[in-house]
Structure formats: structure tokens, C-alpha cells
$ cat start21.txt   # compact mmCIF, C-alpha atoms
# COMPACT_ATOMS: atom_id res chain seq x y z
CA MET G 13 -140.36 -151.45 -61.85
CA ASP G 14 -139.07 -148.18 -60.30
CA VAL G 15 -142.16 -147.54 -58.22
CA LEU G 16 -142.37 -147.24 -54.45
CA VAL G 17 -145.36 -149.17 -53.13
CA PRO G 18 -146.03 -148.15 -49.52
CA ILE G 19 -146.72 -151.05 -47.18
CA VAL G 20 -149.91 -149.99 -45.38
CA GLU G 21 -151.77 -153.29 -44.97
CA ASP G 22 -150.70 -156.92 -44.82
CA ARG G 23 -151.76 -157.49 -48.42
CA ASP G 24 -149.21 -154.89 -49.60
CA LEU G 25 -146.37 -157.20 -48.59
CA ALA G 26 -146.86 -158.92 -51.95
CA PHE G 27 -144.92 -155.96 -53.41
CA TRP G 28 -142.00 -156.21 -50.98
CA ASP G 29 -138.61 -156.16 -52.70
CA ASP G 30 -135.45 -156.48 -50.59
CA LYS G 31 -133.39 -154.89 -53.38
CA LYS G 32 -135.31 -151.60 -53.16
CA ARG G 33 -136.16 -149.02 -50.56
CA GLN G 34 -139.40 -149.89 -48.79
CA VAL G 35 -141.82 -147.69 -46.87
CA LEU G 36 -143.94 -149.16 -44.08
CA LYS G 37 -146.78 -146.93 -42.95
CA ILE G 38 -147.73 -148.64 -39.71
CA HIS G 39 -150.08 -145.81 -38.74
CA GLY G 40 -151.96 -145.87 -42.03
CA CYS G 41 -151.99 -143.69 -45.14
CA ILE G 42 -154.07 -140.65 -46.14
CA THR G 43 -154.91 -142.35 -49.46
CA ARG G 44 -156.66 -145.08 -47.44
CA PRO G 45 -158.60 -143.17 -44.74
CA TYR G 46 -159.88 -146.37 -43.15
CA SER G 47 -156.28 -147.39 -42.34
CA ILE G 48 -155.34 -144.27 -40.34
CA VAL G 49 -154.42 -144.85 -36.70
CA ALA G 50 -155.66 -141.81 -34.74
CA THR G 51 -157.68 -142.79 -31.66
CA GLN G 52 -156.60 -144.75 -28.59
CA SER G 53 -158.63 -147.72 -29.76
CA ASP G 54 -156.83 -147.52 -33.13
CA TYR G 55 -153.48 -147.65 -31.33
CA ASP G 56 -154.63 -150.57 -29.17
CA ALA G 57 -155.64 -152.56 -32.27
CA CYS G 58 -152.66 -151.47 -34.37
CA LEU G 59 -150.53 -154.62 -33.97
CA SER G 60 -153.39 -157.09 -34.30
CA LYS G 61 -154.90 -155.38 -37.34
CA ASN G 62 -151.88 -156.03 -39.59
CA PRO G 63 -149.84 -158.75 -37.86
CA LEU G 64 -147.78 -159.61 -40.97
CA ILE G 65 -146.40 -156.08 -41.19
CA PHE G 66 -145.22 -156.21 -37.60
CA ASN G 67 -143.77 -159.67 -38.19
CA LYS G 68 -141.82 -158.13 -41.07
CA LEU G 69 -140.61 -155.36 -38.76
CA ARG G 70 -139.56 -157.95 -36.19
CA ASP G 71 -137.62 -159.86 -38.85
CA LEU G 72 -135.85 -156.67 -39.96
CA MET G 73 -134.98 -155.69 -36.41
CA ALA G 74 -133.41 -159.10 -35.87
CA THR G 75 -130.99 -158.59 -38.77
CA LYS G 76 -130.67 -154.84 -39.42
CA THR G 77 -129.52 -151.78 -37.48
CA PHE G 78 -132.37 -149.27 -37.09
CA ILE G 79 -132.13 -145.48 -36.80
CA PHE G 80 -135.29 -143.77 -35.58
CA ILE G 81 -135.69 -140.20 -36.87
CA GLY G 82 -138.65 -137.98 -36.10
CA TYR G 83 -139.96 -140.14 -33.26
CA SER G 84 -140.67 -138.79 -29.81
CA MET G 85 -138.91 -141.05 -27.36
CA ARG G 86 -141.47 -139.95 -24.75
CA ASP G 87 -144.35 -141.26 -26.87
CA GLU G 88 -146.16 -144.12 -25.11
CA ASP G 89 -147.27 -145.54 -28.46
CA PHE G 90 -143.67 -145.80 -29.66
CA ARG G 91 -142.68 -147.51 -26.41
CA SER G 92 -145.47 -150.09 -26.65
CA ILE G 93 -144.73 -150.89 -30.31
CA TRP G 94 -140.98 -151.19 -29.68
CA GLU G 95 -141.50 -153.51 -26.71
CA ALA G 96 -144.07 -155.60 -28.57
CA ILE G 97 -141.78 -156.07 -31.57
CA THR G 98 -138.55 -156.70 -29.67
CA GLY G 99 -140.02 -158.62 -26.77
CA VAL G 100 -139.64 -161.93 -28.59
CA LEU G 101 -136.00 -161.21 -29.48
CA GLY G 102 -134.99 -160.37 -25.93
CA HIS G 103 -131.23 -159.93 -25.51
CA PHE G 104 -130.72 -160.86 -29.17
CA THR G 105 -132.25 -157.55 -30.26
CA LYS G 106 -129.69 -155.57 -32.28
CA LEU G 107 -128.70 -152.18 -30.88
CA ALA G 108 -130.74 -149.40 -32.49
CA TYR G 109 -130.26 -145.63 -32.52
CA ALA G 110 -132.66 -142.71 -32.21
CA ILE G 111 -132.12 -139.04 -33.01
CA ASP G 112 -133.27 -136.78 -30.18
CA PRO G 113 -132.03 -133.17 -29.84
CA LYS G 114 -133.09 -132.67 -26.23
CA PHE G 115 -133.06 -135.85 -24.18
CA LYS G 116 -132.46 -136.09 -20.46
CA PRO G 117 -129.90 -138.48 -18.90
CA GLU G 118 -132.66 -140.59 -17.37
CA THR G 119 -134.34 -140.91 -20.77
CA ALA G 120 -131.07 -142.06 -22.34
CA ALA G 121 -130.58 -144.61 -19.57
CA TYR G 122 -134.16 -145.89 -19.96
CA TRP G 123 -133.75 -146.53 -23.69
CA ARG G 124 -130.21 -147.89 -23.41
CA GLU G 125 -131.59 -150.65 -21.19
CA ARG G 126 -134.12 -151.42 -23.93
CA GLY G 127 -131.66 -151.54 -26.80
CA ILE G 128 -131.77 -147.98 -28.19
CA GLU G 129 -128.86 -145.54 -27.99
CA LEU G 130 -129.96 -141.89 -28.18
CA VAL G 131 -127.95 -139.53 -30.40
CA GLN G 132 -128.18 -135.81 -29.62
CA SER G 133 -128.84 -134.06 -32.91
CA TYR G 134 -131.60 -132.37 -34.85
CA ASP G 135 -133.25 -134.54 -37.51
CA SER G 136 -132.43 -132.21 -40.41
CA THR G 137 -128.79 -131.89 -39.30
CA PHE G 138 -128.36 -135.64 -39.04
CA LEU G 139 -130.01 -136.34 -42.40
CA GLY G 140 -127.86 -133.67 -44.06
CA LYS G 141 -124.67 -135.24 -42.69
CA LEU G 142 -125.87 -138.71 -43.67
CA ARG G 143 -126.55 -137.65 -47.25
CA GLU G 144 -123.20 -135.89 -47.42
CA SER G 145 -121.43 -139.06 -46.29
CA LEU G 146 -123.31 -141.25 -48.79
CA GLU G 147 -122.47 -138.82 -51.60
CA GLN G 148 -118.77 -138.74 -50.67
CA ASP G 149 -118.62 -142.55 -50.62
CA GLY G 150 -120.32 -142.74 -54.01
CA PHE G 151 -123.42 -144.63 -52.86
CA ILE G 152 -125.77 -141.95 -54.20
CA PRO G 153 -125.31 -139.13 -56.72
CA SER G 154 -125.14 -135.65 -55.25
CA LYS G 155 -127.96 -133.14 -55.65
CA ALA G 156 -125.56 -131.03 -57.71
CA TYR G 157 -124.88 -133.94 -60.06
CA LEU G 158 -128.58 -134.70 -60.45
CA GLY G 159 -129.07 -131.05 -61.31
CA PHE G 160 -126.37 -131.40 -63.97
CA LEU G 161 -128.14 -134.43 -65.48
CA ASP G 162 -131.45 -132.57 -65.42
CA ARG G 163 -129.93 -129.66 -67.36
CA GLN G 164 -128.43 -132.10 -69.86
CA ASP G 165 -131.87 -133.64 -70.36
CA THR G 166 -133.42 -130.22 -71.00
CA GLY G 167 -130.78 -129.34 -73.61
CA ILE G 168 -131.11 -132.66 -75.41
CA ARG G 169 -134.90 -132.34 -75.60
CA ARG G 170 -134.63 -128.87 -77.12
CA LEU G 171 -132.19 -130.11 -79.75
CA HIS G 172 -134.29 -133.19 -80.46
CA GLY G 173 -137.24 -131.05 -81.53
CA LYS G 174 -135.12 -129.21 -84.10
CA LEU G 175 -133.28 -132.22 -85.53
CA ASP G 176 -133.69 -133.05 -89.22
CA GLN G 177 -134.29 -136.81 -89.28
CA ASN G 178 -134.36 -137.12 -93.08
CA THR G 179 -130.65 -137.91 -93.37
CA ASN G 180 -128.59 -140.88 -92.23
CA GLY G 181 -126.84 -138.80 -89.56
CA GLY G 182 -130.08 -137.14 -88.47
CA MET G 183 -131.95 -140.44 -88.25
CA ALA G 184 -129.17 -142.07 -86.24
CA SER G 185 -128.86 -139.12 -83.87
CA ALA G 186 -132.64 -138.97 -83.37
CA MET G 187 -132.68 -142.59 -82.25
CA TYR G 188 -129.61 -141.94 -80.11
CA GLN G 189 -131.32 -138.95 -78.47
CA ASP G 190 -134.39 -141.07 -77.74
CA GLY G 191 -132.11 -143.39 -75.81
CA LEU G 192 -130.48 -140.47 -73.97
CA MET G 193 -133.82 -138.98 -72.94
CA HIS G 194 -135.38 -142.27 -71.85
CA GLU G 195 -132.37 -143.23 -69.74
CA LEU G 196 -132.03 -139.77 -68.21
CA GLU G 197 -135.70 -139.88 -67.24
CA GLY G 198 -135.24 -143.29 -65.63
CA VAL G 199 -131.98 -142.38 -63.87
CA LEU G 200 -133.37 -139.15 -62.41
CA SER G 201 -136.57 -140.85 -61.26
CA SER G 202 -134.69 -143.75 -59.65
CA ALA G 203 -132.16 -141.46 -57.97
CA TYR G 204 -134.77 -139.09 -56.52
CA MET G 205 -136.99 -141.93 -55.32
CA GLY G 206 -134.12 -144.04 -54.03
CA THR G 207 -135.28 -147.14 -55.90
CA LYS G 208 -131.81 -147.97 -57.24
CA ARG G 209 -128.39 -148.19 -55.65
CA LYS G 210 -124.92 -147.71 -57.08
CA GLU G 211 -124.56 -151.38 -57.95
CA ASP G 212 -127.96 -151.38 -59.68
CA PHE G 213 -126.84 -148.64 -62.08
CA GLU G 214 -123.58 -150.50 -62.72
CA GLN G 215 -125.55 -153.65 -63.57
CA ASP G 216 -127.77 -151.61 -65.88
CA LEU G 217 -124.66 -150.32 -67.65
CA ASN G 218 -123.28 -153.82 -68.23
CA TRP G 219 -126.66 -155.09 -69.42
CA THR G 220 -127.14 -152.12 -71.79
CA ALA G 221 -123.62 -152.48 -73.22
CA GLY G 222 -124.49 -156.11 -73.97
CA ILE G 223 -127.58 -155.06 -75.92
CA VAL G 224 -125.49 -152.59 -77.96
CA LYS G 225 -123.02 -155.34 -78.81
CA LYS G 226 -125.76 -157.72 -79.97
CA ALA G 227 -127.39 -154.97 -82.04
CA ILE G 228 -124.07 -154.24 -83.76
CA GLU G 229 -123.63 -157.92 -84.59
CA ALA G 230 -127.16 -157.99 -86.03
CA ASP G 231 -126.60 -154.82 -88.10
CA ASN G 232 -129.65 -153.35 -86.35
CA PHE G 233 -128.90 -149.65 -86.86
CA ILE G 234 -131.91 -148.33 -85.00
CA GLU G 235 -131.27 -150.44 -81.92
CA VAL G 236 -127.55 -149.63 -81.91
CA ALA G 237 -128.27 -145.90 -81.92
CA TYR G 238 -131.02 -146.09 -79.31
CA TRP G 239 -129.19 -148.33 -76.84
CA THR G 240 -125.95 -146.42 -77.35
CA GLY G 241 -127.81 -143.36 -76.04
CA ARG G 242 -128.94 -145.24 -72.95
CA CYS G 243 -125.47 -146.67 -72.46
CA VAL G 244 -123.81 -143.23 -72.66
CA VAL G 245 -126.04 -141.84 -69.87
CA LEU G 246 -125.17 -144.76 -67.62
CA GLU G 247 -121.48 -144.36 -68.41
CA TRP G 248 -121.71 -140.69 -67.37
CA LEU G 249 -123.59 -141.53 -64.18
CA CYS G 250 -121.39 -144.41 -63.02
CA ALA G 251 -118.19 -142.42 -63.66
CA ARG G 252 -119.78 -139.15 -62.40
CA LYS G 253 -118.60 -137.38 -65.54
CA THR G 254 -119.32 -133.65 -65.58
CA SER G 255 -118.55 -132.87 -69.21
CA GLN G 256 -121.44 -132.37 -71.62
CA ILE G 257 -123.21 -135.55 -72.68
CA PRO G 258 -122.74 -135.76 -76.49
CA PRO G 259 -126.14 -134.61 -77.85
CA LEU G 260 -125.43 -136.18 -81.26
CA LEU G 261 -124.19 -139.67 -81.92
CA PRO G 262 -120.46 -139.55 -81.01
CA PRO G 263 -118.03 -140.31 -83.88
CA SER G 264 -116.48 -143.13 -81.85
CA LYS G 265 -119.92 -144.75 -81.70
CA ASN G 266 -120.84 -144.01 -85.31
CA GLY G 267 -119.05 -146.88 -87.05
CA PRO G 268 -121.99 -149.29 -87.14
CA LEU G 269 -124.33 -146.49 -88.21
CA SER G 270 -122.48 -144.56 -90.91
CA SER G 271 -123.49 -144.72 -94.55
CA ILE G 272 -120.10 -146.25 -95.42
CA HIS G 273 -120.52 -149.07 -92.90
CA GLN G 274 -119.44 -152.35 -94.39
CA ARG G 275 -119.22 -155.82 -92.84
CA LEU G 276 -117.85 -159.04 -94.24
CA ARG G 277 -119.92 -162.15 -94.52
CA PRO G 278 -118.45 -165.40 -93.17
CA ASP G 279 -117.39 -166.29 -96.74
CA GLY G 280 -115.37 -163.09 -97.03
CA THR G 281 -117.71 -161.18 -99.35
CA ALA G 282 -119.00 -157.79 -98.31
CA HIS G 283 -122.50 -156.73 -97.39
CA ARG G 284 -123.77 -153.88 -99.55
CA ARG G 285 -123.34 -150.46 -98.01
CA VAL G 286 -126.41 -149.07 -96.34
CA GLY G 287 -127.05 -146.17 -93.96
CA PRO G 288 -129.54 -146.12 -91.08
CA LEU G 289 -132.13 -144.08 -93.00
CA ALA G 290 -132.22 -146.63 -95.83
CA TRP G 291 -132.18 -149.45 -93.29
CA ALA G 292 -135.21 -147.95 -91.53
CA LYS G 293 -137.13 -147.34 -94.77
CA GLU G 294 -136.55 -150.92 -95.89
CA ARG G 295 -138.20 -152.08 -92.68
CA GLY G 296 -141.02 -149.55 -92.64
CA ARG G 297 -139.49 -147.57 -89.74
CA THR G 298 -139.09 -144.17 -91.37
CA PRO G 299 -138.94 -141.11 -89.09
CA ALA G 300 -142.10 -139.22 -88.30

$ encode --input "start21.txt" --output "C-alpha cells"
Amino acid sequence: MDVLVPIVEDRDLAFWDDKKRQVLKIHGCITRPYSIVATQSDYDACLSKNPLIFNKLRDLMATKTFIFIGYSMRDEDFRSIWEAITGVLGHFTKLAYAIDPKFKPETAAYWRERGIELVQSYDSTFLGKLRESLEQDGFIPSKAYLGFLDRQDTGIRRLHGKLDQNTNGGMASAMYQDGLMHELEGVLSSAYMGTKRKEDFEQDLNWTAGIVKKAIEADNFIEVAYWTGRCVVLEWLCARKTSQIPPLLPPSKNGPLSSIHQRLRPDGTAHRRVGPLAWAKERGRTPA
């Protein structure tokens, strides 16, 4: 499920998924006014109110490298939370980093003793460089590439509304376009929300290609066309192709769907020829 569930209270940890990006809102969330930490008494009770969340933070800090962005290193609340979380770990606390554009030498020395190295940079500058590095290494698609996919999606949707589905080629391409649009929607959503990584999309591609293969073996024309569409989008994404995504079923993919498609039975005799429109009508799946 490509949905980000913010971790606001201990009970939200039921939705924790190590394979996805997680958001911990330790100072509450505006959608749950009762959870907001605003007063001094709220801050004092913060750790005891949701102990499981802070245990999760402690576990992460024991195994991960943290980068703090947007925190004031002069904030007493930050200091108390950091010391409370890392106090148990002691010298085993992993070195963390914090972005601070204007720190003094004594501030850097204070935090270095407590396991945080200050990096002099503005938050927006650091995040821009980080994204640029991740894009160059192929971990995330670039904003420009996501814009390209979005424009492809718009063009395919326009064509889909004009397509005549009352022919074998039209029926096949309509199902293929459904697959394109559904996968583009999922890819764009996952990429913008950060719910999937490079390897996740590669796994999706292998899984989808497997479905296409099974559908071909089963002579399931509709499923072949639909899942071919989804497969093509993932092929484009994983290879970062910038050529136009074929809006109609590509000829190289059309073998199992064409009206002259013919397979041999195990005994060597041929199946009768049938196109996807006839196949759909036989099964009560005619186009709208």
C-alpha cells in the first residue's frame, strides 16, 4: 500500500514498515489536536506520553546515521530529547549530523562531545545537493523525468478518450492504455511520496513481466494487453528512457493479441484463430 501513515502515537507503530519511508511526528499532528506538544508541560510529558515511539527512535539511532535538518541546536527541548534517547547508548551512540548555517565554535564543540557533528549549510541548499546526488546515482528519478512521465500520462489519457474500441486493435490498445495509465499513476504517486525505492520498482518490473508471460500462456488477451501496458511503464522508468511511451500496443508486443494469433495444442493441432475483441465478447467483457 503506497500510503504514508504518520507515526503520531504509540498505536500508529502497527503501520511501521522498514521498507518504506516513515514519518514520526513526536510533537503531534494538526489532524489530532490533542496530540500537539506546545506548552512546557506538554514538553515535559512528551517522552512518557508515547514511550514506544521514543523506543523506536532509540533503536534507529543505535543502527542508523541521523541527519537533523531544520532543528535549532540551541533549543533546550531538542537537547533534552537527544540526551534522553541517547543516554542509554552512551559511547555506542552512532555519530549524527546536523545542518546549521550559523553555529559558533563553542556550539560545535558542545555537540561534538554529545555525538553530533554540525555542518555549516542552509537547509534548502543541503537538501538540493542531496537530491541532486541521489538523482545522479539513480536512487530516485529526477524532477525532470517525473515531469516527462506526467506529460506522457496526459497524452495517453487524451488518446484513450478518442480510441475506437470496437475493433481487435482498438480493444487491445484500450486495455493496454488502461495498464499504462494505472502504472503511471502508481509510479508518479510512489516517486513523489518516496514510498518506493529503485529496487522496489525493479522488483515490480520482474513481477509484472511474470504476469504477462502467464497471461500469454493462458491465451488471456485482455490480461496480456493490460499488464503489457504496466510492464512498459516500468521498463521506461527503470531504464530512464526519454523516448515517447508507445500509446498504442507496440507491434513487438502484439503477437499474442493479433487476429491472426495461432497457437498449437500439445497434440500438434492448432487453436482456431481469434482476436481480442471476439475473445472478450465470448467472455462477456465487451468494451463500454

$ atom_distance --input "start21.txt" --atom1 "atom CA of G:Trp94" --atom2 "atom CA of G:Gln34"
19.2 Å

$ closest_residue --input "start21.txt" --among "G:Asp216, G:Glu95, G:Asp165, G:Glu129" --to "G:Leu200" --atoms "only C-alpha atoms"
G:Asp165

$ residues_around --input "start21.txt" --residues "G:Met73" --least-positions-apart "6" --cutoff "8 Å" --atoms "all atoms listed in the file" --output "PDB file with C-alpha atoms, in the frame of the given file"
ATOM      1  CA  THR G  98    -138.550-156.700 -29.670  1.00  0.00           C
ATOM      2  CA  THR G 105    -132.250-157.550 -30.260  1.00  0.00           C
ATOM      3  CA  LYS G 106    -129.690-155.570 -32.280  1.00  0.00           C
TER       4      LYS G 106
END

$ residues_around --input "start21.txt" --residues "G:Ala203" --least-positions-apart "2" --cutoff "10 Å" --atoms "all atoms listed in the file" --output "PyMOL selection string"
chain G and resi 14+152-155+158+198-201+205-210+213

$ write_last_selection --input "start21.txt" --atoms "C-alpha atoms" --output "short mmCIF file (atom, residue, chain, number, x, y, z; two decimals), in the coordinates of the input"
data_model
loop_
_atom_site.label_atom_id
_atom_site.label_comp_id
_atom_site.auth_asym_id
_atom_site.auth_seq_id
_atom_site.Cartn_x
_atom_site.Cartn_y
_atom_site.Cartn_z
CA ASP G 14 -139.07 -148.18 -60.30
CA ILE G 152 -125.77 -141.95 -54.20
CA PRO G 153 -125.31 -139.13 -56.72
CA SER G 154 -125.14 -135.65 -55.25
CA LYS G 155 -127.96 -133.14 -55.65
CA LEU G 158 -128.58 -134.70 -60.45
CA GLY G 198 -135.24 -143.29 -65.63
CA VAL G 199 -131.98 -142.38 -63.87
CA LEU G 200 -133.37 -139.15 -62.41
CA SER G 201 -136.57 -140.85 -61.26
CA MET G 205 -136.99 -141.93 -55.32
CA GLY G 206 -134.12 -144.04 -54.03
CA THR G 207 -135.28 -147.14 -55.90
CA LYS G 208 -131.81 -147.97 -57.24
CA ARG G 209 -128.39 -148.19 -55.65
CA LYS G 210 -124.92 -147.71 -57.08
CA PHE G 213 -126.84 -148.64 -62.08
#

$ residues_near_point --input "start21.txt" --point "(-139.4, -158.7, -29.7)" --cutoff "12 Å" --atoms "all atoms listed in the file" --output "JSON, numbers by chain"
{"G": [66, 67, 68, 69, 70, 71, 72, 73, 74, 92, 93, 94, 95, 96, 97, 98, 99, 100, 101, 102, 103, 104, 105, 106, 126, 127]}

$ closest_residue --input "start21.txt" --among "G:Leu261, G:Ile223, G:Ile79, G:Ile42" --to "G:Trp239" --atoms "all atoms listed in the file"
G:Ile223

$ residues_around --input "start21.txt" --residues "stretch 112-122 of chain G" --least-positions-apart "6" --cutoff "8 Å" --atoms "all atoms listed in the file" --output "list in words"
Ile81, Ser84, Met85, Glu129, Leu130, Val131, Gln132, Ser133, Tyr134 and Asp135 of chain G

$ closest_residue --input "start21.txt" --among "G:Tyr238, G:Leu64, G:Thr75, G:Leu246" --to "G:Asn218" --atoms "only C-alpha atoms"
G:Leu246

$ atom_distance --input "start21.txt" --atom1 "atom CA of G:Gln189" --atom2 "atom CA of G:Phe233"
13.8 Å

$ closest_residue --input "start21.txt" --among "G:Asp190, G:Asp56, G:Glu144, G:Glu195" --to "G:Leu161" --atoms "all atoms listed in the file"
G:Glu195

$ residues_around --input "start21.txt" --residues "G:Thr220" --least-positions-apart "3" --cutoff "12 Å" --atoms "all atoms listed in the file" --output "list in words"
Gly191, Glu195, Phe213, Glu214, Gln215, Asp216, Leu217, Ile223, Val224, Lys225, Lys226, Ala227, Glu235, Val236, Ala237, Tyr238, Trp239, Thr240, Gly241, Arg242, Cys243, Val244, Val245, Leu246 and Glu247 of chain G

$ closest_residue --input "start21.txt" --among "G:Leu146, G:Val49, G:Leu260, G:Ala110" --to "G:Leu175" --atoms "all atoms listed in the file"
G:Leu260

$ build_atoms --input "start21.txt" --residues "stretch 216-245 of chain G" --atoms "N, CA and C atoms" --output "mmCIF file, in the frame of the given file"
data_model
loop_
_atom_site.group_PDB
_atom_site.id
_atom_site.type_symbol
_atom_site.label_atom_id
_atom_site.label_comp_id
_atom_site.auth_asym_id
_atom_site.auth_seq_id
_atom_site.Cartn_x
_atom_site.Cartn_y
_atom_site.Cartn_z
ATOM 1 N N ASP G 216 -127.049 -152.129 -64.714
ATOM 2 C CA ASP G 216 -127.770 -151.610 -65.880
ATOM 3 C C ASP G 216 -126.810 -151.271 -67.005
ATOM 4 N N LEU G 217 -125.661 -150.687 -66.650
ATOM 5 C CA LEU G 217 -124.660 -150.320 -67.650
ATOM 6 C C LEU G 217 -124.134 -151.553 -68.368
ATOM 7 N N ASN G 218 -123.795 -152.592 -67.619
ATOM 8 C CA ASN G 218 -123.280 -153.820 -68.230
ATOM 9 C C ASN G 218 -124.330 -154.473 -69.120
ATOM 10 N N TRP G 219 -125.565 -154.480 -68.650
ATOM 11 C CA TRP G 219 -126.660 -155.090 -69.420
ATOM 12 C C TRP G 219 -126.897 -154.312 -70.716
ATOM 13 N N THR G 220 -126.906 -152.971 -70.621
ATOM 14 C CA THR G 220 -127.140 -152.120 -71.790
ATOM 15 C C THR G 220 -126.017 -152.256 -72.801
ATOM 16 N N ALA G 221 -124.768 -152.304 -72.322
ATOM 17 C CA ALA G 221 -123.620 -152.480 -73.220
ATOM 18 C C ALA G 221 -123.734 -153.811 -73.975
ATOM 19 N N GLY G 222 -124.275 -154.820 -73.313
ATOM 20 C CA GLY G 222 -124.490 -156.110 -73.970
ATOM 21 C C GLY G 222 -125.508 -156.024 -75.086
ATOM 22 N N ILE G 223 -126.561 -155.239 -74.879
ATOM 23 C CA ILE G 223 -127.580 -155.060 -75.920
ATOM 24 C C ILE G 223 -126.971 -154.343 -77.132
ATOM 25 N N VAL G 224 -126.141 -153.320 -76.873
ATOM 26 C CA VAL G 224 -125.490 -152.590 -77.960
ATOM 27 C C VAL G 224 -124.632 -153.556 -78.784
ATOM 28 N N LYS G 225 -123.892 -154.400 -78.117
ATOM 29 C CA LYS G 225 -123.020 -155.340 -78.810
ATOM 30 C C LYS G 225 -123.824 -156.289 -79.707
ATOM 31 N N LYS G 226 -124.920 -156.811 -79.179
ATOM 32 C CA LYS G 226 -125.760 -157.720 -79.970
ATOM 33 C C LYS G 226 -126.389 -157.000 -81.163
ATOM 34 N N ALA G 227 -126.787 -155.743 -80.955
ATOM 35 C CA ALA G 227 -127.390 -154.970 -82.040
ATOM 36 C C ALA G 227 -126.378 -154.698 -83.148
ATOM 37 N N ILE G 228 -125.124 -154.443 -82.764
ATOM 38 C CA ILE G 228 -124.070 -154.240 -83.760
ATOM 39 C C ILE G 228 -123.867 -155.504 -84.568
ATOM 40 N N GLU G 229 -123.826 -156.643 -83.900
ATOM 41 C CA GLU G 229 -123.630 -157.920 -84.590
ATOM 42 C C GLU G 229 -124.771 -158.223 -85.543
ATOM 43 N N ALA G 230 -125.975 -157.731 -85.199
ATOM 44 C CA ALA G 230 -127.160 -157.990 -86.030
ATOM 45 C C ALA G 230 -127.374 -156.904 -87.088
ATOM 46 N N ASP G 231 -126.451 -155.933 -87.172
ATOM 47 C CA ASP G 231 -126.600 -154.820 -88.100
ATOM 48 C C ASP G 231 -127.930 -154.094 -87.911
ATOM 49 N N ASN G 232 -128.379 -154.014 -86.660
ATOM 50 C CA ASN G 232 -129.650 -153.350 -86.350
ATOM 51 C C ASN G 232 -129.349 -151.894 -86.006
ATOM 52 N N PHE G 233 -129.327 -151.037 -87.023
ATOM 53 C CA PHE G 233 -128.900 -149.650 -86.860
ATOM 54 C C PHE G 233 -129.715 -148.892 -85.825
ATOM 55 N N ILE G 234 -131.026 -149.055 -85.896
ATOM 56 C CA ILE G 234 -131.910 -148.330 -85.000
ATOM 57 C C ILE G 234 -131.621 -148.696 -83.543
ATOM 58 N N GLU G 235 -131.511 -149.988 -83.279
ATOM 59 C CA GLU G 235 -131.270 -150.440 -81.920
ATOM 60 C C GLU G 235 -129.884 -150.031 -81.420
ATOM 61 N N VAL G 236 -128.888 -150.068 -82.300
ATOM 62 C CA VAL G 236 -127.550 -149.630 -81.910
ATOM 63 C C VAL G 236 -127.587 -148.177 -81.458
ATOM 64 N N ALA G 237 -128.210 -147.322 -82.246
ATOM 65 C CA ALA G 237 -128.270 -145.900 -81.920
ATOM 66 C C ALA G 237 -129.027 -145.665 -80.614
ATOM 67 N N TYR G 238 -130.188 -146.301 -80.493
ATOM 68 C CA TYR G 238 -131.020 -146.090 -79.310
ATOM 69 C C TYR G 238 -130.316 -146.553 -78.031
ATOM 70 N N TRP G 239 -129.806 -147.783 -78.049
ATOM 71 C CA TRP G 239 -129.190 -148.330 -76.840
ATOM 72 C C TRP G 239 -127.824 -147.711 -76.555
ATOM 73 N N THR G 240 -127.175 -147.180 -77.588
ATOM 74 C CA THR G 240 -125.950 -146.420 -77.350
ATOM 75 C C THR G 240 -126.264 -145.190 -76.514
ATOM 76 N N GLY G 241 -127.392 -144.521 -76.830
ATOM 77 C CA GLY G 241 -127.810 -143.360 -76.040
ATOM 78 C C GLY G 241 -128.014 -143.721 -74.576
ATOM 79 N N ARG G 242 -128.690 -144.821 -74.330
ATOM 80 C CA ARG G 242 -128.940 -145.240 -72.950
ATOM 81 C C ARG G 242 -127.626 -145.610 -72.263
ATOM 82 N N CYS G 243 -126.752 -146.239 -73.007
ATOM 83 C CA CYS G 243 -125.470 -146.670 -72.460
ATOM 84 C C CYS G 243 -124.606 -145.457 -72.079
ATOM 85 N N VAL G 244 -124.620 -144.432 -72.918
ATOM 86 C CA VAL G 244 -123.810 -143.230 -72.660
ATOM 87 C C VAL G 244 -124.246 -142.569 -71.351
ATOM 88 N N VAL G 245 -125.551 -142.449 -71.111
ATOM 89 C CA VAL G 245 -126.040 -141.840 -69.870
ATOM 90 C C VAL G 245 -125.550 -142.616 -68.658
#
